[in-house]
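Take a look at the structure set out below.
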Amino acid sequence: MTYKHGVYVLEQATSILPPVRVESGLPVVFGTAPVHLVDNGPVNEPILCYSYSEAVMGLGYSSDFAKYTLCEFMSAAFALFGVAPVVFVNVFDPDTHKTAIDEETVTLVSGKAKLANGDIVDIPVVKNSVGDKTFVLDTDFTLDRATGDIERIETGSMAAAEELKVAYDKANPGAVTGTDIIGGVDGSTGAYTGLEHLNSIFPKFRLVPGQVVAPGWSHDSGVAAVMHAKAGNINGHFKAVAVVDIDSDTVTKYTDVAATKNTNNLTDEQLIVCWPKVSLGDVEYWLSSQVAALNCLVDSDNGDIPYTSPSNKNLQMDKAIANGVAIELGPDQAGYLNGQGIVTALNFIGGWKCWGNRTGCYPGVTDVKDAFIPIRRMFNWTANTIILTYWQKVDFPVNRRLIETIMDSVNIWLNGLAGRQFILGGRVELLEDENPTTDLMDGVIKFHVYLTPPSPARELDFILEYDPAYLQTLFG
C-alpha cells in the first residue's frame, strides 16, 4: 500500500442519469436509386443523409419515381417537408439489374446525337460505322449517362457528322423485385441485404430507426409483412413503426380499401396503413412518403417527442389520386377509412390534410397503447430511450444503490415529460410480486413503468340547446 498523508477526494457515479437522445421518427427507407450515375454508388449499404444535396451526391437522382423510389422520398423529406436525417438503403444493383444493347446506330448532327436510351450503366463502346475505330470518352466525345446525349469534342478524332455504332448497358430497375427489398442474410459472408439492414442502422450510425418506409414496394403484402415484423424487433431490443401503402392503382374505391387491408393482413399495431396516392402538380407520391416525412416534421415541432398525431396536419399535395384519376373524399368517407385503421388525405378545412389517428391493428384491437398512432409511437420512443439510457447499468451489482439510481432517474425524466404535457403522467415502481427471489438471485430485475400519453382529440362534441330564458332580454 502507498503511504498517504493529507486530504484526498474520490468520485462516485452520479445518482441521476440524464436520458439518451433518440431520433424519434428517423426514417429508414428501402428502395431503388440511380447509383450508377455517381461514383461508388452504394448497393445494399445504408447511407445517412442530412440534406438533399448529400442524398443526390451519394445515391444519384432521377425524377422518374416509379423506377427510382428512393428519389421520391428524397423529394418528400428534403424538398417538401424539410426534415432530416434520413437513412436510405438502395437495393438496385447496376451490375445485375441491367439490359445489354449490343449495337445502336446514331449519326451526329452538328456534332451531337442522342441514344435511344438514357440511364446508361457504364462506359459504352463507341465505334465508327465501319467498326475499325473505337472512340475514347472525354477525348473524342462526352456522354450524359442519364439522358444518353453524345457530343463530339472538337479536338478529338470524331467527325462532326460521324455515323456511330454504340454498344452499352442500360439500367433496368424494373428487374428489382419485392424479394430484393425483403433481402436476407448471406449464408457464407453474413452480409445483410434489403430489410435485414434494419439491424445494421444502430451499430453503424448510433441512431435508432423510428420509421420503416418503402414507397413503391410496401403495397406488396409480402414486403409489408416483413416490414412490420422487422420494425417490431430491431436488434432484438428497439421498436419502430412501418408506414405502408394500399395500392390505389388497383384499389380505386374507398369502400374496397378495408377489405384489401384485411386480406393483406395489414393489421399490426406497428403499421401505419395509407391510401390513396397523392400528387403535387404532375408529380405523384405514395402517401406513405408524405406521412413518414410529416411525422418527422410534427416531431421536430415538439422537441423530437412523438406525442402529437400527424392527423389534421398539412400534406404537400393538391390532389388525391386513384389509378391516375383525381378523387375527392368527404369527411364521412375519410372517417370511414379512419375507422378501419387507414390513414388518408382530406381536403375539407384549411387545405389538404393527413387524416387519421389509427394504426393498422384497429378496429380489431382497441387497446389504446396500440390503436392510436401517437400513443404507439410514444411507447416505442419511451422503450427505446430507456434501453439506450440504462444499458450502461447492465451487470452492475444488484443492490439498493442501483435500484434507486434507476428509479430516481426514470421518475425525474417522466416528471419532466409530464411537466411539459408530453405525457399526462408517468412513474416507475419496483413491485415485489413481479420480482421473485429466484429472479433476483439470477440477476433479473423488473421495473414497472406506468405511462399515459395524451390521446388525440379525434371527436369534439358540442351540445346545442335552445334556452327560452334569454327571451327575458327582450324586456330590457
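Following the order of the C-alpha cells, chains are lettered A, B, ..., residues in each are numbered from 1, and ligands are numbered from 1.
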
Do you know which residues are at most 6 Å from segment 153-162 of chain A counting only C-alpha atoms, after dropping those on the same chain fewer than 5 positions away, and could you put them as a PyMOL selection string? chain A and resi 107-111+139-141

Would you save the residues from that selection as a PDB file, in the first residue's frame, using C-alpha atoms?
ATOM      1  CA  THR A 107     -25.477   9.843 -86.649  1.00  0.00           C
ATOM      2  CA  LEU A 108     -24.042  13.077 -85.317  1.00  0.00           C
ATOM      3  CA  VAL A 109     -25.830  16.246 -86.363  1.00  0.00           C
ATOM      4  CA  SER A 110     -23.705  19.316 -85.750  1.00  0.00           C
ATOM      5  CA  GLY A 111     -21.558  17.120 -83.527  1.00  0.00           C
ATOM      6  CA  THR A 139     -11.146  12.583 -75.543  1.00  0.00           C
ATOM      7  CA  ASP A 140     -13.328  12.175 -78.632  1.00  0.00           C
ATOM      8  CA  PHE A 141     -16.768  12.686 -77.122  1.00  0.00           C
TER       9      PHE A 141
END

Would you please extract all strand (DSSP E) residues from segment 102-348 of chain A, as assigned by DSSP on the backbone, and give them as a VMD selection string? chain A and resid 102 to 107 112 to 114 125 to 128 134 to 135 141 to 144 149 to 152 163 to 171 184 to 185 192 to 193 211 to 213 241 to 245 271 to 274 277 to 280 283 to 285 319 to 322 325 to 327 344 to 347

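Nearest to Glu103 of chain A of all the residues A:Thr69, A:Val56, A:Val166, A:Phe81 is A:Val166, based on only C-alpha atoms.
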
Skip Lys277 of chain A itself and residues of its chain fewer than 6 positions away, then list as a short mmCIF file (atom, residue, chain, number, x, y, z; two decimals) with C-alpha atoms, in the first residue's frame all residues within 7 Å of it, counting only C-alpha atoms.
data_model
loop_
_atom_site.label_atom_id
_atom_site.label_comp_id
_atom_site.auth_asym_id
_atom_site.auth_seq_id
_atom_site.Cartn_x
_atom_site.Cartn_y
_atom_site.Cartn_z
CA SER A 248 -54.72 2.92 -55.23
CA GLU A 284 -47.22 11.59 -57.82
CA TYR A 285 -46.21 10.37 -54.37
CA TRP A 286 -47.13 7.32 -52.40
CA LEU A 287 -48.94 8.60 -49.34
CA ALA A 320 -55.61 12.60 -54.16
CA ILE A 321 -55.06 10.02 -56.90
CA ALA A 322 -56.61 6.62 -57.64
#

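Each of A:Val410, A:Ile463, A:Val83, A:Cys49 was checked against Phe447 of chain A using only C-alpha atoms; the smallest atom-to-atom distance is that of A:Val410.
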